[in-house]
file target.txt (compact mmCIF, C-alpha atoms)
# COMPACT_ATOMS: atom_id res chain seq x y z
CA MET L 1 0.00 0.00 0.00
CA TYR L 2 2.95 2.30 0.61
CA ILE L 3 4.05 1.89 -3.02
CA PHE L 4 0.52 2.61 -4.23
CA ALA L 5 0.23 5.76 -2.09
CA SER L 6 3.67 6.88 -3.24
CA MET L 7 2.66 6.35 -6.87
CA ILE L 8 -0.50 8.42 -6.45
CA SER L 9 1.45 11.19 -4.71
CA LYS L 10 4.06 11.20 -7.48
CA SER L 11 1.36 11.26 -10.17
CA LYS L 12 -0.31 14.25 -8.55
CA TYR L 13 3.05 16.04 -8.45
CA LEU L 14 3.66 15.33 -12.14
CA ILE L 15 0.17 16.49 -13.07
CA SER L 16 0.65 19.72 -11.12
CA LEU L 17 4.05 20.26 -12.75
CA PHE L 18 2.57 19.58 -16.19
CA ALA L 19 -0.25 22.07 -15.56
CA ALA L 20 2.23 24.73 -14.40
CA LEU L 21 4.42 24.24 -17.48
CA PHE L 22 1.40 24.40 -19.76
CA LEU L 23 0.26 27.67 -18.20
CA LEU L 24 3.81 28.99 -18.56
CA LEU L 25 3.83 28.00 -22.25
CA LEU L 26 0.43 29.63 -22.70
CA GLY L 27 1.71 32.84 -21.11
CA ILE L 28 4.82 32.84 -23.32
CA GLN L 29 2.71 32.31 -26.43
CA VAL L 30 0.31 35.11 -25.50
CA TYR L 31 3.20 37.48 -24.73
CA PHE L 32 4.93 36.53 -28.00
CA MET L 33 1.75 37.17 -29.99
CA TYR L 34 1.23 40.50 -28.22
CA LYS L 35 4.77 41.70 -28.92
CA THR L 36 4.56 40.51 -32.53
CA SER L 37 1.28 42.39 -33.04
CA GLN L 38 2.82 45.56 -31.59
CA VAL L 39 5.79 45.32 -33.96
CA LYS L 40 3.42 44.72 -36.88
CA LYS L 41 1.34 47.76 -35.90
CA ARG L 42 4.43 49.95 -35.83
CA GLU L 43 5.48 48.68 -39.26
CA ILE L 44 2.05 49.42 -40.75
CA TYR L 45 1.89 52.89 -39.19
CA SER L 46 5.40 53.66 -40.42
CA ASP L 47 4.42 52.61 -43.95
CA VAL L 48 1.22 54.70 -43.86
CA HIS L 49 3.05 57.69 -42.45
CA ASN L 50 5.78 57.60 -45.07
CA ARG L 51 3.29 57.31 -47.91
CA ILE L 52 1.08 60.24 -46.96
CA ASP L 53 3.47 62.51 -45.05
CA ASP L 54 4.63 64.40 -48.14
CA TYR L 55 1.09 64.78 -49.36
CA ILE L 56 -0.12 66.20 -46.04
CA ASP L 57 2.78 68.67 -46.01
CA ASN L 58 1.89 69.91 -49.51
CA LEU L 59 -1.84 70.52 -49.66
CA GLU L 60 -2.11 73.38 -52.18
CA ASP L 61 -4.20 71.20 -54.49
CA LEU L 62 -6.93 70.95 -51.88
CA GLY L 63 -7.93 74.60 -52.13
CA GLY L 64 -9.21 76.58 -49.17
CA ALA L 65 -6.65 77.75 -46.65
CA SER L 66 -3.95 75.75 -48.37
CA ASN L 67 -3.99 78.15 -51.32
CA LEU L 68 -3.35 81.16 -49.10
CA GLY L 69 0.16 80.09 -48.13
CA ASP L 70 1.92 81.38 -45.02
CA GLU L 71 1.25 85.04 -45.90
CA GLY L 72 -2.46 84.46 -46.44
CA GLN L 73 -2.82 82.63 -43.12
CA ARG L 74 -0.81 85.37 -41.40
CA LYS L 75 -3.30 87.96 -42.66
CA ILE L 76 -6.20 85.94 -41.20
CA PHE L 77 -4.37 85.71 -37.88
CA ALA L 78 -3.65 89.48 -37.99
CA GLU L 79 -7.28 90.40 -38.76
CA PHE L 80 -8.44 88.35 -35.79
CA ASN L 81 -5.72 89.72 -33.55
CA ASN L 82 -6.58 93.30 -34.62
CA LYS L 83 -10.29 92.73 -33.94
CA LYS L 84 -11.21 93.16 -37.61
CA ILE L 85 -13.06 89.83 -37.49
CA SER L 86 -14.77 88.18 -34.55
CA LYS L 87 -13.72 84.93 -32.95
CA LYS L 88 -16.76 83.23 -34.45
CA GLU L 89 -15.81 84.43 -37.95
CA PHE L 90 -12.25 83.33 -37.33
CA LEU L 91 -13.29 79.81 -36.26
CA ASN L 92 -15.93 79.59 -38.99
CA TYR L 93 -13.22 80.28 -41.55
CA PHE L 94 -11.32 77.15 -40.47
CA GLU L 95 -14.52 75.10 -40.10
CA LYS L 96 -15.51 76.08 -43.65
CA ASN L 97 -12.01 75.20 -44.87
CA LYS L 98 -12.25 71.79 -43.18
CA LYS L 99 -15.57 70.97 -44.85
CA GLN L 100 -14.41 72.32 -48.20
CA THR L 101 -11.34 70.07 -48.31
CA GLN L 102 -12.72 67.00 -46.50
CA ASP L 103 -14.02 65.03 -49.49
CA LYS L 104 -10.96 65.55 -51.66
CA LEU L 105 -8.57 64.63 -48.85
CA SER L 106 -10.64 61.58 -47.88
CA ASP L 107 -10.90 60.31 -51.47
CA HIS L 108 -7.16 60.64 -51.93
CA ILE L 109 -6.36 58.77 -48.68
CA ASP L 110 -8.95 56.02 -49.33
CA HIS L 111 -7.67 55.49 -52.87
CA LYS L 112 -4.06 55.35 -51.74
CA PHE L 113 -4.72 52.46 -49.31
CA GLU L 114 -7.57 50.73 -51.10
CA LYS L 115 -5.40 47.76 -52.06
CA GLU L 116 -4.22 47.15 -48.48
CA GLY L 117 -7.72 47.64 -47.07
CA TYR L 118 -6.56 50.24 -44.53
CA LYS L 119 -9.23 52.53 -43.13
CA VAL L 120 -7.10 55.63 -42.48
CA ALA L 121 -8.14 58.77 -40.61
CA VAL L 122 -6.09 62.00 -40.83
CA ARG L 123 -6.44 65.29 -38.98
CA THR L 124 -4.34 68.47 -38.99
CA GLN L 125 -4.81 70.97 -36.16
CA PHE L 126 -3.39 74.25 -34.98
CA LEU L 127 -2.51 73.63 -31.35
CA SER L 128 -1.57 77.25 -30.70
CA ILE L 129 -1.33 80.56 -32.60
CA VAL L 130 0.81 82.95 -30.57
CA TYR L 131 1.02 86.69 -31.35
CA VAL L 132 4.77 87.07 -30.79
CA PRO L 133 5.07 90.77 -29.72
CA LYS L 134 2.71 90.29 -26.80
CA ASN L 135 3.00 86.50 -26.41
CA ILE L 136 -0.78 86.10 -26.64
CA ASN L 137 -2.29 82.79 -27.72
CA LEU L 138 -5.20 83.55 -30.09
CA ILE L 139 -6.94 80.20 -29.48
CA ASP L 140 -7.83 78.45 -26.23
CA GLN L 141 -8.31 75.03 -27.81
CA PRO L 142 -7.04 73.23 -30.94
CA VAL L 143 -8.49 74.36 -34.26
CA THR L 144 -8.91 71.72 -36.99
CA LEU L 145 -7.60 72.74 -40.39
CA TYR L 146 -7.99 69.48 -42.33
CA GLU L 147 -9.83 66.27 -41.48
CA THR L 148 -10.95 63.15 -43.37
CA ARG L 149 -14.42 61.69 -43.24
CA ASN L 150 -13.00 58.96 -41.04
CA LYS L 151 -12.65 60.53 -37.62
CA ILE L 152 -9.69 60.19 -35.29
CA THR L 153 -10.61 58.41 -32.03
CA LYS L 154 -7.11 57.73 -30.75
CA ALA L 155 -4.08 58.83 -32.72
CA GLY L 156 -1.77 56.01 -33.66
CA ILE L 157 1.04 58.36 -34.65
CA SER L 158 1.39 62.18 -34.61
CA ASN L 159 3.60 64.77 -36.33
CA THR L 160 4.12 68.15 -34.74
CA GLY L 161 5.40 71.23 -36.49
CA LYS L 162 6.37 74.76 -35.51
CA TRP L 163 6.70 77.71 -37.82
CA GLU L 164 6.65 81.50 -37.65
CA THR L 165 5.10 84.01 -40.03
CA SER L 166 5.75 87.74 -39.76
CA SER L 167 5.33 91.03 -41.59
CA THR L 168 6.03 94.64 -40.69
CA SER L 169 3.50 97.30 -41.70
CA ARG L 170 4.49 100.98 -42.37
CA SER L 171 2.32 104.03 -41.88
CA ASP L 172 1.27 105.91 -45.00
CA LYS L 173 2.24 109.25 -43.48
CA SER L 174 5.68 108.38 -42.13
CA ASP L 175 8.64 106.19 -42.77
CA GLN L 176 8.47 104.66 -39.26
CA LEU L 177 7.42 101.07 -38.57
CA GLU L 178 3.82 100.96 -37.40
CA ARG L 179 3.15 97.35 -36.34
CA ASP L 180 4.86 93.96 -36.35
CA ASP L 181 2.35 91.16 -37.28
CA SER L 182 4.47 88.20 -36.23
CA PHE L 183 2.85 84.87 -35.26
CA PHE L 184 4.32 81.63 -33.93
CA VAL L 185 2.20 78.63 -34.95
CA LYS L 186 2.34 75.10 -33.53
CA SER L 187 0.51 72.44 -35.53
CA GLN L 188 -0.05 68.68 -35.23
CA THR L 189 -1.07 66.06 -37.78
CA ASP L 190 -2.58 62.84 -36.39
CA PHE L 191 -2.85 59.52 -38.21
CA GLN L 192 -4.99 56.55 -37.18
CA ILE L 193 -5.73 53.24 -38.90
CA LEU L 194 -9.21 52.52 -37.60
CA ASN L 195 -9.14 48.83 -38.54
CA ILE L 196 -5.56 48.23 -37.41
CA ASN L 197 -6.48 45.27 -35.16
CA THR L 198 -8.31 43.52 -38.00
CA VAL L 199 -5.42 44.16 -40.39
CA VAL L 200 -2.84 42.84 -37.92
CA PHE L 201 -4.98 39.78 -37.13
CA GLN L 202 -5.28 38.97 -40.84
CA ASP L 203 -1.53 39.35 -41.36
CA LEU L 204 -0.76 37.14 -38.37
CA THR L 205 -3.44 34.52 -39.01
CA LEU L 206 -0.99 31.79 -39.99
CA LEU L 207 1.23 32.48 -36.99
CA ILE L 208 -1.78 32.50 -34.65
CA LEU L 209 -3.02 29.18 -36.06
CA CYS L 210 0.42 27.64 -35.55
CA CYS L 211 0.54 28.83 -31.93
CA VAL L 212 -2.98 27.54 -31.27
CA ALA L 213 -2.07 24.20 -32.87
CA ILE L 214 0.99 23.90 -30.60
CA LEU L 215 -1.04 24.73 -27.51
CA LEU L 216 -3.80 22.29 -28.45
CA SER L 217 -1.23 19.57 -29.11
CA VAL L 218 0.33 20.10 -25.69
CA LEU L 219 -3.13 20.18 -24.08
CA VAL L 220 -4.19 16.95 -25.80
CA LEU L 221 -0.94 15.31 -24.71
CA TYR L 222 -1.55 16.58 -21.17
CA ILE L 223 -5.11 15.20 -21.09
CA PHE L 224 -3.97 11.87 -22.56
CA THR L 225 -1.22 11.62 -19.94
CA VAL L 226 -3.62 12.40 -17.07
CA LYS L 227 -6.14 9.82 -18.33
CA ASN L 228 -3.38 7.26 -18.68
CA LEU L 229 -2.16 7.92 -15.14
CA ILE L 230 -5.70 7.62 -13.78
CA ARG L 231 -6.20 4.36 -15.67
CA GLN L 232 -2.92 2.98 -14.32
CA GLN L 233 -3.84 4.02 -10.79
CA LYS L 234 -7.18 2.22 -11.12
CA GLN L 235 -5.40 -0.89 -12.39
CA VAL L 236 -3.00 -0.77 -9.45
CA GLU L 237 -5.91 -0.28 -7.07
CA VAL L 238 -7.73 -3.27 -8.57
CA LEU L 239 -4.53 -5.32 -8.20
CA HIS L 240 -4.19 -4.36 -4.55
CA THR L 241 -7.87 -5.16 -3.95
CA VAL L 242 -7.36 -8.64 -5.41
CA VAL L 243 -4.23 -9.18 -3.33
CA ASP L 244 -5.99 -7.96 -0.19
CA ASN L 245 -8.90 -10.25 -0.93
CA ILE L 246 -6.70 -13.28 -1.54
CA SER L 247 -4.59 -12.64 1.58
CA HIS L 248 -7.75 -12.27 3.65
CA GLU L 249 -9.30 -15.42 2.22
CA PHE L 250 -6.16 -17.48 2.78
CA LYS L 251 -6.31 -16.99 6.53
CA THR L 252 -9.35 -19.17 7.25
CA PRO L 253 -8.40 -22.35 5.33
CA ILE L 254 -4.83 -22.13 6.62
CA ALA L 255 -6.06 -21.77 10.22
CA THR L 256 -8.49 -24.65 9.70
CA LEU L 257 -5.77 -26.87 8.25
CA LYS L 258 -3.51 -26.09 11.21
CA ILE L 259 -6.23 -27.13 13.64
CA ALA L 260 -6.99 -30.25 11.59
CA SER L 261 -3.29 -31.14 11.60
CA LYS L 262 -3.09 -30.84 15.37
CA THR L 263 -6.24 -32.92 15.72
CA LEU L 264 -4.83 -35.67 13.49
CA LYS L 265 -1.71 -35.80 15.64
CA LYS L 266 -3.86 -36.55 18.65
CA GLU L 267 -6.51 -38.81 17.12
CA PHE L 268 -8.12 -39.69 13.82
CA THR L 269 -11.79 -38.86 13.26
CA PRO L 270 -13.73 -39.54 10.03
CA GLU L 271 -14.83 -35.92 9.64
CA ILE L 272 -11.26 -34.59 9.53
CA LEU L 273 -10.39 -35.80 6.03
CA PRO L 274 -13.45 -34.25 4.28
CA LEU L 275 -12.74 -31.02 6.13
CA ILE L 276 -9.12 -31.05 4.94
CA ASP L 277 -10.30 -31.76 1.39
CA ARG L 278 -12.65 -28.78 1.52
CA GLN L 279 -9.95 -26.45 2.75
CA ILE L 280 -7.49 -27.66 0.11
CA LEU L 281 -10.17 -27.12 -2.53
CA ARG L 282 -10.75 -23.63 -1.18
CA LEU L 283 -7.01 -22.88 -1.37
CA GLU L 284 -6.98 -24.12 -4.94
CA ASP L 285 -9.88 -21.79 -5.76
CA LEU L 286 -7.96 -18.90 -4.27
CA MET L 287 -4.90 -19.79 -6.34
CA LEU L 288 -7.06 -19.84 -9.47
CA GLN L 289 -8.08 -16.26 -8.74
CA LEU L 290 -4.42 -15.34 -9.25
CA HIS L 291 -4.51 -17.07 -12.64
CA PRO L 292 -7.89 -16.18 -14.24
CA GLU L 293 -6.94 -17.87 -17.51
CA ASP L 294 -7.23 -21.25 -15.73
CA LEU L 295 -10.73 -20.59 -14.42
CA ASN L 296 -13.67 -22.57 -15.69
CA GLU L 297 -16.12 -20.33 -17.56
CA LYS L 298 -19.08 -21.80 -15.64
CA ASN L 299 -19.41 -20.65 -12.04
CA SER L 300 -20.30 -23.35 -9.54
CA THR L 301 -23.80 -23.11 -8.07
CA ILE L 302 -24.51 -23.73 -4.41
CA GLU L 303 -26.30 -26.82 -3.12
CA PRO L 304 -28.48 -26.86 0.05
CA GLU L 305 -25.94 -28.97 1.97
CA ASN L 306 -23.10 -26.52 1.20
CA TRP L 307 -24.46 -24.07 3.77
CA ASN L 308 -24.12 -26.75 6.48
CA LEU L 309 -20.53 -27.44 5.46
CA PHE L 310 -19.64 -23.73 5.72
CA ILE L 311 -20.84 -23.61 9.32
CA HIS L 312 -19.26 -26.98 10.11
CA ASP L 313 -15.86 -25.67 9.06
CA LEU L 314 -16.33 -22.53 11.14
CA ALA L 315 -17.37 -24.55 14.19
CA PHE L 316 -14.27 -26.72 13.81
CA THR L 317 -12.00 -23.65 13.53
CA TYR L 318 -13.61 -21.63 16.34
CA ARG L 319 -14.39 -24.28 18.93
CA ASN L 320 -15.10 -21.81 21.73
CA THR L 321 -18.00 -20.30 19.79
CA ASP L 322 -21.45 -21.86 19.58
CA PHE L 323 -22.74 -21.79 15.97
CA LYS L 324 -26.49 -22.43 15.59
CA LEU L 325 -27.62 -22.93 11.99
CA ASN L 326 -31.19 -22.95 10.73
CA ASN L 327 -30.94 -23.90 7.05
CA SER L 328 -34.31 -24.11 5.27
CA VAL L 329 -32.91 -23.88 1.72
CA SER L 330 -34.20 -26.90 -0.19
CA LYS L 331 -32.88 -26.39 -3.71
CA GLU L 332 -29.85 -25.43 -5.74
CA LEU L 333 -29.43 -21.66 -6.03
CA PRO L 334 -27.77 -19.71 -8.91
CA PHE L 335 -25.04 -18.13 -6.77
CA ASP L 336 -21.32 -18.73 -6.92
CA LYS L 337 -20.43 -21.17 -4.17
CA LYS L 338 -17.11 -19.50 -3.35
CA LEU L 339 -18.73 -16.06 -3.03
CA MET L 340 -21.51 -17.34 -0.75
CA GLU L 341 -18.91 -19.08 1.40
CA THR L 342 -17.04 -15.78 1.66
CA VAL L 343 -20.23 -13.97 2.77
CA ILE L 344 -21.12 -16.52 5.46
CA LYS L 345 -17.61 -16.96 6.84
CA ASN L 346 -16.74 -13.25 6.82
CA LEU L 347 -19.92 -12.38 8.74
CA CYS L 348 -19.38 -15.15 11.28
CA GLU L 349 -15.65 -14.43 11.69
CA ASN L 350 -16.48 -10.77 12.25
CA SER L 351 -18.81 -11.80 15.08
CA VAL L 352 -16.13 -14.03 16.60
CA LYS L 353 -13.57 -11.25 16.29
CA TYR L 354 -15.75 -8.88 18.29
CA GLY L 355 -16.49 -11.12 21.26
CA ALA L 356 -19.44 -13.31 20.25
CA SER L 357 -19.79 -16.63 22.09
CA GLU L 358 -23.02 -17.55 20.32
CA ILE L 359 -23.87 -16.97 16.65
CA LYS L 360 -27.22 -17.78 15.08
CA ILE L 361 -27.36 -18.26 11.32
CA ASP L 362 -30.72 -18.38 9.56
CA ILE L 363 -30.67 -19.17 5.81
CA LYS L 364 -33.81 -19.46 3.68
CA ASN L 365 -35.15 -18.82 0.20
CA ILE L 366 -38.60 -17.23 -0.20
CA GLN L 367 -40.20 -16.14 -3.49
CA ASN L 368 -36.98 -16.04 -5.54
CA LYS L 369 -35.06 -14.27 -2.82
CA LEU L 370 -32.22 -15.61 -0.69
CA GLU L 371 -32.23 -14.33 2.88
CA ILE L 372 -29.29 -14.68 5.25
CA ILE L 373 -29.48 -13.54 8.88
CA VAL L 374 -26.45 -13.67 11.17
CA ALA L 375 -27.08 -12.62 14.78
CA ASP L 376 -24.52 -12.67 17.59
CA ASN L 377 -24.21 -11.75 21.27
CA GLY L 378 -20.93 -9.91 20.84
CA ASN L 379 -19.78 -6.45 21.89
CA GLY L 380 -22.10 -4.61 19.53
CA MET L 381 -21.40 -1.23 17.95
CA GLU L 382 -22.23 2.41 18.46
CA GLN L 383 -24.81 3.77 16.01
CA ASN L 384 -22.32 6.21 14.49
CA GLU L 385 -20.08 3.27 13.54
CA LEU L 386 -22.72 1.45 11.47
CA LYS L 387 -22.41 3.67 8.40
CA ASN L 388 -18.66 3.03 8.17
CA ILE L 389 -18.16 -0.68 8.84
CA PHE L 390 -18.47 -1.68 5.15
CA GLU L 391 -15.73 0.71 4.06
CA LYS L 392 -12.43 -0.75 2.93
CA PHE L 393 -9.81 -1.05 5.73
CA TYR L 394 -12.23 0.42 8.30
CA ARG L 395 -11.94 -1.04 11.78
CA ILE L 396 -13.93 -0.16 14.85
CA GLN L 397 -11.85 1.64 17.44
CA SER L 398 -12.25 1.89 21.17
CA ASN L 399 -10.38 4.80 22.72
CA ASN L 400 -8.35 4.95 19.49
CA ILE L 401 -6.98 1.41 20.10
CA HIS L 402 -7.84 -1.55 17.86
CA ASN L 403 -8.95 -4.40 20.13
CA SER L 404 -9.04 -7.02 17.34
CA LYS L 405 -6.67 -8.12 14.63
CA GLY L 406 -7.49 -7.84 10.94
CA LEU L 407 -7.21 -5.65 7.86
CA GLY L 408 -10.75 -4.33 7.89
CA LEU L 409 -11.61 -6.14 4.64
CA GLY L 410 -14.16 -8.82 5.62
CA LEU L 411 -17.32 -6.71 5.62
CA PHE L 412 -16.02 -4.72 2.63
CA PHE L 413 -15.97 -7.96 0.57
CA VAL L 414 -19.41 -8.92 1.88
CA LYS L 415 -20.82 -5.64 0.62
CA LYS L 416 -19.17 -6.03 -2.80
CA ILE L 417 -20.52 -9.56 -3.26
CA VAL L 418 -24.05 -8.54 -2.25
CA GLU L 419 -23.92 -5.58 -4.63
CA LYS L 420 -22.73 -7.92 -7.40
CA TYR L 421 -26.03 -9.77 -7.12
CA SER L 422 -28.07 -6.55 -6.71
CA GLY L 423 -28.92 -7.40 -3.13
CA LYS L 424 -29.09 -5.27 -0.01
CA THR L 425 -27.63 -5.43 3.48
CA GLU L 426 -29.21 -4.28 6.75
CA ILE L 427 -27.51 -4.07 10.13
CA MET L 428 -28.80 -3.60 13.66
CA SER L 429 -26.54 -3.37 16.70
CA GLU L 430 -26.56 -2.43 20.36
CA VAL L 431 -23.50 -2.05 22.56
CA ASN L 432 -22.94 -5.05 24.91
CA ILE L 433 -25.99 -6.83 23.44
CA GLY L 434 -24.97 -7.88 19.95
CA THR L 435 -25.25 -7.34 16.24
CA THR L 436 -27.56 -8.69 13.54
CA PHE L 437 -26.79 -8.69 9.80
CA LYS L 438 -29.63 -9.27 7.36
CA ILE L 439 -28.82 -9.92 3.69
CA SER L 440 -31.42 -10.21 0.96
CA ILE L 441 -30.43 -11.24 -2.59
CA PRO L 442 -32.90 -11.73 -5.48
CA TYR L 443 -32.45 -14.47 -8.08
CA GLU L 444 -34.19 -16.05 -11.06
CA ASP L 445 -34.85 -19.77 -11.48
call {"tool": "encode", "arguments": {"input": "target.txt", "output": "structure tokens"}}
result
Amino acid sequence: MYIFASMISKSKYLISLFAALFLLLLGIQVYFMYKTSQVKKREIYSDVHNRIDDYIDNLEDLGGASNLGDEGQRKIFAEFNNKKISKKEFLNYFEKNKKQTQDKLSDHIDHKFEKEGYKVAVRTQFLSIVYVPKNINLIDQPVTLYETRNKITKAGISNTGKWETSSTSRSDKSDQLERDDSFFVKSQTDFQILNINTVVFQDLTLLILCCVAILLSVLVLYIFTVKNLIRQQKQVEVLHTVVDNISHEFKTPIATLKIASKTLKKEFTPEILPLIDRQILRLEDLMLQLHPEDLNEKNSTIEPENWNLFIHDLAFTYRNTDFKLNNSVSKELPFDKKLMETVIKNLCENSVKYGASEIKIDIKNIQNKLEIIVADNGNGMEQNELKNIFEKFYRIQSNNIHNSKGLGLGLFFVKKIVEKYSGKTEIMSEVNIGTTFKISIPYED
């Protein structure tokens, strides 16, 4: 059992390690894909920027404010600064310019990137227009000069520019300088590819599929390994159950043969030899369980007299216990003889183990149902123990000390055999009075 527990513990460790490594691989793949997508985005933005930068810097063909040149724009700034036009007229001028040039700019941009499928948005703004002599900013918020139909939501890349326009006016009546109309302008052009995520995903589709395929392959291998470990653990558990069963079953015939041997040394009685034959046959049956290929396909049925022989062997082995059998079975029943012997002997040996001096066994068949009742006058059990006694390796404890020897397998095998035949088991017990087991198993003629 130590090896089995160690194997399970090791398997759990390997599964945990496998899961941790898979999550690490998943994280590396996600990080790799993220960094690759960021590099791809920068490449696309760089390409877009290079292809339209010159065009944005040279917009005379768009008309509007672009045809005025630096001097024309300076005059508009000067008129606003000198209160010749209102702020509303000043802003309306740029709003009108934006609308007037929007379609032509948009058509040019859309046509330029039609093949690639880029949905590009462009916007040029004046961030500040400063009247240099007095350092006064003419605008309190950015003013849009050019903008495509596609609107900027979050600039992917921006260009900023600074330039100064100036002119000195002279008075008509004197040769002295009258006013210096000098303006310092800061502008910004924003670019955004609105469908950049879709474009990047399409470009990286093959790489993404490869990464997903690798992850799925690792995951499938992981699941297959876990299932294989679970299957192996179940096989080992079945093997240990068989070994436990065999070792438990060997005890009774060996003990009986020892007693028979001692009896023969003292005196010969006619009943000794049949008893020895039965125990040898039982040992042979147990050996056959270790070699299933040698088993006969047909299970042996149980005859009415077999029940008497079971109790006879028990009475010979446990001579200090009074076994009282009431066997009213009158016909052959379709149950495996070895399994029924295991049920009877395990129940009776459990009673002997826990202090019974008298055991009553009542066996009968009524309306296609076999009923076995085993009642003893042993130590009995607490009510909270009853739900656990059929569990594998469970043994009743008194003050945390086991008062009887055994592996805690007898009643576990009884339960398994009864369940094999779709039967049911009932138990009633009182401390210092005794315990009664009632087994009911259906059958068909």
call {"tool": "residues_around", "arguments": {"input": "target.txt", "residues": "Cys348 in chain L", "least_positions_apart": "4", "cutoff": "10 Å", "atoms": "only C-alpha atoms", "output": "VMD selection string"}}
result
chain L and resid 311 314 323 342 to 344 352 to 353 356 359 to 361 374 to 376 410 437
call {"tool": "write_last_selection", "arguments": {"input": "target.txt", "atoms": "C-alpha atoms", "output": "PDB file, in the frame of the given file"}}
result
ATOM      1  CA  ILE L 311     -20.840 -23.610   9.320  1.00  0.00           C
ATOM      2  CA  LEU L 314     -16.330 -22.530  11.140  1.00  0.00           C
ATOM      3  CA  PHE L 323     -22.740 -21.790  15.970  1.00  0.00           C
ATOM      4  CA  THR L 342     -17.040 -15.780   1.660  1.00  0.00           C
ATOM      5  CA  VAL L 343     -20.230 -13.970   2.770  1.00  0.00           C
ATOM      6  CA  ILE L 344     -21.120 -16.520   5.460  1.00  0.00           C
ATOM      7  CA  VAL L 352     -16.130 -14.030  16.600  1.00  0.00           C
ATOM      8  CA  LYS L 353     -13.570 -11.250  16.290  1.00  0.00           C
ATOM      9  CA  ALA L 356     -19.440 -13.310  20.250  1.00  0.00           C
ATOM     10  CA  ILE L 359     -23.870 -16.970  16.650  1.00  0.00           C
ATOM     11  CA  LYS L 360     -27.220 -17.780  15.080  1.00  0.00           C
ATOM     12  CA  ILE L 361     -27.360 -18.260  11.320  1.00  0.00           C
ATOM     13  CA  VAL L 374     -26.450 -13.670  11.170  1.00  0.00           C
ATOM     14  CA  ALA L 375     -27.080 -12.620  14.780  1.00  0.00           C
ATOM     15  CA  ASP L 376     -24.520 -12.670  17.590  1.00  0.00           C
ATOM     16  CA  GLY L 410     -14.160  -8.820   5.620  1.00  0.00           C
ATOM     17  CA  PHE L 437     -26.790  -8.690   9.800  1.00  0.00           C
TER      18      PHE L 437
END
call {"tool": "atom_distance", "arguments": {"input": "target.txt", "atom1": "CA of Glu303 in chain L", "atom2": "CA of Ile427 in chain L"}}
result
26.4 Å
call {"tool": "atom_distance", "arguments": {"input": "target.txt", "atom1": "CA of Thr160 in chain L", "atom2": "CA of Thr189 in chain L"}}
result
6.4 Å
call {"tool": "closest_residue", "arguments": {"input": "target.txt", "among": "L:Phe80, L:Phe94, L:Tyr146, L:Asp54", "to": "Ser106 in chain L", "atoms": "all atoms listed in the file"}}
result
L:Tyr146
call {"tool": "residues_around", "arguments": {"input": "target.txt", "residues": "Tyr45 in chain L", "least_positions_apart": "4", "cutoff": "8 Å", "atoms": "only C-alpha atoms", "output": "NGL selection string"}}
result
:L and (41 or 49 or 156-157 or 193)
call {"tool": "atom_distance", "arguments": {"input": "target.txt", "atom1": "CA of Phe390 in chain L", "atom2": "CA of Tyr421 in chain L"}}
result
16.5 Å
call {"tool": "residues_around", "arguments": {"input": "target.txt", "residues": "Ser328 in chain L", "least_positions_apart": "2", "cutoff": "12 Å", "atoms": "only C-alpha atoms", "output": "list in words"}}
result
Glu303, Pro304, Glu305, Trp307, Asn308, Leu325, Asn326, Ser330, Lys331, Glu332, Ile361, Asp362, Ile363, Lys364, Asn365, Ile366, Leu370, Glu371 and Ile372 of chain L
call {"tool": "closest_residue", "arguments": {"input": "target.txt", "among": "L:Phe412, L:Phe201, L:Phe310, L:Tyr318", "to": "Met33 in chain L", "atoms": "only C-alpha atoms"}}
result
L:Phe201
call {"tool": "residues_around", "arguments": {"input": "target.txt", "residues": "Thr148 in chain L", "least_positions_apart": "5", "cutoff": "12 Å", "atoms": "only C-alpha atoms", "output": "number ranges by chain"}}
result
L: 56, 98-110, 119-124, 189-192
call {"tool": "residues_near_point", "arguments": {"input": "target.txt", "point": "(-5.2, 41.0, -37.1)", "cutoff": "12 Å", "atoms": "only C-alpha atoms", "output": "count of residues only"}}
result
23
call {"tool": "axis_aligned_box", "arguments": {"input": "target.txt", "around": "range 86-99 of chain L", "padding_each_side": "8 Å", "output": "AutoDock Vina command-line options"}}
result
--center_x -14.0 --center_y 79.6 --center_z -38.9 --size_x 21.4 --size_y 33.2 --size_z 27.9
call {"tool": "closest_residue", "arguments": {"input": "target.txt", "among": "L:Leu333, L:Leu264, L:Ala255, L:Ile272", "to": "Tyr443 in chain L", "atoms": "all atoms listed in the file"}}
result
L:Leu333
call {"tool": "closest_residue", "arguments": {"input": "target.txt", "among": "L:Ser158, L:Asn306, L:Ser182, L:Thr317", "to": "Thr256 in chain L", "atoms": "all atoms listed in the file"}}
result
L:Thr317
call {"tool": "residues_around", "arguments": {"input": "target.txt", "residues": "range 128-137 of chain L", "least_positions_apart": "4", "cutoff": "9 Å", "atoms": "all atoms listed in the file", "output": "ChimeraX atom specification"}}
result
/L:77-78,81,141-143,180-187
call {"tool": "closest_residue", "arguments": {"input": "target.txt", "among": "L:Arg42, L:Pro442, L:Leu275, L:Gly434", "to": "Thr263 in chain L", "atoms": "all atoms listed in the file"}}
result
L:Leu275
